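Asker: Here it is, the structure in full.
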Amino acid sequence: MKSHVKIPLIFIALLFNLSFCKDITPEIQLESPPSAKAKYIFLFIGDGMGQAHIDIAEAYQKSQKGSSLSFTGFPYQCKTTTYNEQGYITDSAAAATALATGQKTYNGLISQNINGKNLKTIVEILADKGMKTGIISSVSMDHSTPGAFYAHSVSRYNYYQIAMQAATSPVDYFGGGPFLDSYVPSDQLNPKEAMVDAGWIVSEDPFRIHFQGDIRSKLYTYQPNRNNEKDSLPYCIDATTEDVSMADFTEIGIKRLKNPKGFFMMIEGGKIDWASHANDIATMVHEVIGFSKAVEKAIDFYNEYPDETLIIVTADHETGDLEYDPHAGTIEAIAGQKLSFQMIDTFLVNWLLSFYPISAEQIEALFGIYFGLRDISPEEFGLLNQGLDSQLSLGYSYYKQTSQGEFSSAVTSIIAARSGVFWNSHSHTSTPVSTYAIGNHAESFRGQNDNTDIFNHILSALE
Ligand SMILES: [Zn+2]
C-alpha cells in the first residue's frame, strides 16, 4: 500500500505565505530638487545585485503583480564600477570600504587602506556633523558590508573584533541580523553585553521595542535565528508573518533617527548575494523584491520631505554572471518554487527521509507542490531523482549558505532553465552594477561613476 506524502504545516503555511511579496509600488512624486543641502540620506546596497538581477526580479514582479520594483523608476541612474585597489574583482569587504570611505582597498579589509591605516567612514564623518546614523542588514551585523560602515579590521573574518566595535561606534541604530555568537571567546563579553554596558538598548523584539525606552537611546534590535538561518534574517521566500523584514527594520530606523540635524542610513540586502552564489534564481528574486520593499519605506519618507531627502540604491558587485533571455523561457516558472535552496537542503530533505522510499508518483506530486514542476521531461526527472537520491543518502546535513546540495541544485537549475535565466558563475564578477537615485543632489548619479564616487556624492549633497 502506498503511503501518502504528508505535508507538514510549516510547508502548507509557506505555500500560502506570499504576504512578504505583496506588491504595492509607491507613487513617486517627481519634484525637481532645490539646490539646498540634503538632510536625510538613504544608501541601499543590494549585495551581489547586478543589472540582470534587477531586470529578472522586475520581470517576475510584473508577471505576478503587474508593477515595477520600487526604485527602477528613479529619475537618475548610472553604471558603477566596483574593482578593488588591485583592479581585481572585489569582495564585499573592499566594496563596502569603497562605499563607506571613498577609498579603494584590498579584498578582505574592513575600512582600512592597504597599509593597515584606519579610514574614516561616512558614519563617523556624519556623526561628527551631528547627524544620526543607522545600519540595517539582512545578514549578521558583523558581516563585511555593515562592518565596513562602523568598524575597522585587517580581516573581514575577525567577526568578534568587528562586532565589539559596535558598542563604541557613533552609530545610533542597528537593525537586522544578530552577531555571530559562535565567534565570541568563552571568557569574553559578547558584543550585545558590551553594548548594554555602554548604554545601548538591545532587543530581539523589533516590533515592540522602538516604542519603548528613551527615543534618544541607541538601539540594536535584531531577529534571533529560528530556522538555521546562519545568523541572518530568513530568506524572503521562506519568511512567515512572524519574521521581521528589511522593510520593518527600515521603518523602525526612520522613526528612531528622524531629528532636526538629519540622518544617514545604510540598508543592505545581504542575501541577494548568498542566493546568487547558490545560483537559486527564485530565492534571489524574492530577496530583490524584499529589498525593493525596504526602499519603498524610504520613498514614503521622501514623498514627505522631497527637498531634504536623497535615496541612493546601488550594489557592491555582481554575483553569478547572470543573464536573462525572456524568449528562452517563461519568467512565471519562478513562481512555482516555494522554498529556498537552504530549506530544500535541510528541512525538506530531512522530512523526506522519514518517508523514504517514496513512490515515483509521490515524488512527482511533490515536485509539483513545492517547485511548480509539472510536465517534467525525462531528462529533468532523471536530474531531480539523481539529486534526491544523492542527498537522501547523505542524510540530514546542514549546508553553508554559499554551498548547495545536489537536490536543490537540480531543482534550481531546472527552474532557471525554464525561466530563461542563465547563471554563468557561482562567484563575484567585475561587471559594473547599476546605481539609482532620487531626491536632493540625485543628479550627481548620471553616466558612469565608480563606487568611491558614491561616498563623495553623499558628502557633496550635505554641503
Ligand atoms: Zn558574495
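Residues in the C-alpha cells are named by chain (A, B, ... in the order shown) and by number from 1 within that chain; ligands are numbered from 1 in the order shown.
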Could you pull the residues within 9 Å of Ser203 of chain A, counting only C-alpha atoms, minus those fewer than 3 positions along the same chain, as a VMD selection string?

Answerer: chain A and resid 206 209 219 to 223

Asker: Wanna dump the chain A-ligand 1 contacts at 9 Å for me, each residue with its shortest atom pair and the distance in Å to one decimal, counting only C-alpha atoms and all ligand atoms, ordered by chain and number, as JSON lines?

Answerer:
{"residue": "A:Asp47", "atom": "CA", "partner": "ligand 1", "partner_atom_place_in_ligand_line": "1 (Zn)", "distance": 7.2}
{"residue": "A:Gly48", "atom": "CA", "partner": "ligand 1", "partner_atom_place_in_ligand_line": "1 (Zn)", "distance": 6.3}
{"residue": "A:Asp91", "atom": "CA", "partner": "ligand 1", "partner_atom_place_in_ligand_line": "1 (Zn)", "distance": 6.6}
{"residue": "A:Ser92", "atom": "CA", "partner": "ligand 1", "partner_atom_place_in_ligand_line": "1 (Zn)", "distance": 6.5}
{"residue": "A:Gly270", "atom": "CA", "partner": "ligand 1", "partner_atom_place_in_ligand_line": "1 (Zn)", "distance": 8.7}
{"residue": "A:Lys271", "atom": "CA", "partner": "ligand 1", "partner_atom_place_in_ligand_line": "1 (Zn)", "distance": 8.8}
{"residue": "A:Ile272", "atom": "CA", "partner": "ligand 1", "partner_atom_place_in_ligand_line": "1 (Zn)", "distance": 8.8}
{"residue": "A:Asp273", "atom": "CA", "partner": "ligand 1", "partner_atom_place_in_ligand_line": "1 (Zn)", "distance": 5.1}
{"residue": "A:Trp274", "atom": "CA", "partner": "ligand 1", "partner_atom_place_in_ligand_line": "1 (Zn)", "distance": 6.2}
{"residue": "A:Ser276", "atom": "CA", "partner": "ligand 1", "partner_atom_place_in_ligand_line": "1 (Zn)", "distance": 7.9}
{"residue": "A:His277", "atom": "CA", "partner": "ligand 1", "partner_atom_place_in_ligand_line": "1 (Zn)", "distance": 6.5}
{"residue": "A:His317", "atom": "CA", "partner": "ligand 1", "partner_atom_place_in_ligand_line": "1 (Zn)", "distance": 8.4}
{"residue": "A:Glu318", "atom": "CA", "partner": "ligand 1", "partner_atom_place_in_ligand_line": "1 (Zn)", "distance": 8.6}
{"residue": "A:Thr319", "atom": "CA", "partner": "ligand 1", "partner_atom_place_in_ligand_line": "1 (Zn)", "distance": 6.5}
{"residue": "A:Thr402", "atom": "CA", "partner": "ligand 1", "partner_atom_place_in_ligand_line": "1 (Zn)", "distance": 8.2}
{"residue": "A:Ser427", "atom": "CA", "partner": "ligand 1", "partner_atom_place_in_ligand_line": "1 (Zn)", "distance": 6.8}
{"residue": "A:His428", "atom": "CA", "partner": "ligand 1", "partner_atom_place_in_ligand_line": "1 (Zn)", "distance": 6.1}

Asker: Quote the spacing between atom CA of Asp325 of chain A and atom CA of Glu287 of chain A in Å to one decimal place.

Answerer: 20.5 Å

Asker: With a distance cut-off of 12 Å and only C-alpha atoms, select the neighbouring residues of Gln112 of chain A, excluding the residue or stretch itself and same-chain residues fewer than 4 positions from it, and output the selection as a VMD selection string.

Answerer: chain A and resid 85 93 to 98 100 to 108 116 to 121 147 to 156

Asker: Can you list, as a ChimeraX atom specification, every residue of segment 217-328 of chain A that DSSP puts in helix (DSSP H, G or I)?

Answerer: /A:236-238,246-257,271-277,281-304,326-328

Asker: Restrict the selected residues to C-alpha atoms and save them as a compact mmCIF listing (two decimals), in the first residue's frame.

Answerer:
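The resulting part09.txt:
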# COMPACT_ATOMS: atom_id res chain seq x y z
CA CYS A 236 12.28 36.27 1.89
CA ILE A 237 10.93 33.20 0.08
CA ASP A 238 10.92 31.32 3.43
CA MET A 246 14.20 44.65 5.98
CA ALA A 247 11.27 47.00 5.34
CA ASP A 248 10.23 46.72 9.01
CA PHE A 249 13.76 47.49 10.19
CA THR A 250 13.91 50.45 7.80
CA GLU A 251 10.64 51.83 9.11
CA ILE A 252 11.83 51.50 12.72
CA GLY A 253 15.06 53.26 11.73
CA ILE A 254 13.21 56.20 10.23
CA LYS A 255 11.16 56.62 13.41
CA ARG A 256 14.23 56.36 15.65
CA LEU A 257 16.57 58.56 13.65
CA LYS A 271 21.27 37.60 0.95
CA ILE A 272 20.83 38.57 -2.71
CA ASP A 273 24.50 37.62 -2.88
CA TRP A 274 24.09 34.34 -0.98
CA ALA A 275 21.23 33.18 -3.23
CA SER A 276 23.32 34.18 -6.26
CA HIS A 277 26.34 32.18 -5.08
CA ILE A 281 17.02 32.25 -9.08
CA ALA A 282 13.67 32.13 -7.24
CA THR A 283 15.28 32.82 -3.87
CA MET A 284 17.36 35.63 -5.39
CA VAL A 285 14.28 37.24 -6.98
CA HIS A 286 12.37 37.20 -3.68
CA GLU A 287 15.38 38.80 -1.97
CA VAL A 288 15.42 41.66 -4.51
CA ILE A 289 11.68 42.12 -4.04
CA GLY A 290 12.13 42.23 -0.23
CA PHE A 291 14.92 44.77 -0.73
CA SER A 292 12.66 46.81 -3.02
CA LYS A 293 10.01 46.87 -0.30
CA ALA A 294 12.55 48.34 2.12
CA VAL A 295 13.26 51.06 -0.48
CA GLU A 296 9.51 51.77 -0.53
CA LYS A 297 9.75 52.89 3.10
CA ALA A 298 12.38 55.43 2.11
CA ILE A 299 10.24 56.57 -0.83
CA ASP A 300 7.32 57.15 1.55
CA PHE A 301 9.66 59.32 3.63
CA TYR A 302 10.98 61.10 0.52
CA ASN A 303 7.41 61.93 -0.50
CA GLU A 304 7.01 63.71 2.86
CA PRO A 326 12.84 36.48 -22.00
CA HIS A 327 12.46 34.46 -25.21
CA ALA A 328 14.31 31.44 -23.80

Asker: Could you tell me which of A:Gly46, A:Gly199, A:Pro146, A:Gly336 comes closest to Phe371 of chain A if we count only C-alpha atoms?

Answerer: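 Among the listed residues, the smallest separation from Phe371 of chain A belongs to A:Gly336.
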
Asker: For the atom pair atom CA of Pro178 of chain A and atom CA of Thr145 of chain A, what is the interatomic distance in Å to one decimal place?

Answerer: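 Spanning atom CA of Pro178 of chain A to atom CA of Thr145 of chain A is a straight-line distance of 14.1 Å.
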
Asker: Show me, as a list in words, the residues that have an atom within 6 Å of segment 58-74 of chain A when counting only C-alpha atoms, minus same-chain residues fewer than 4 positions from it.

Answerer: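 With the cut-off at 6 Å, the set is Thr25, Ile54, Ser292, Glu296, Ile331, Ala437 and Ile438 of chain A.
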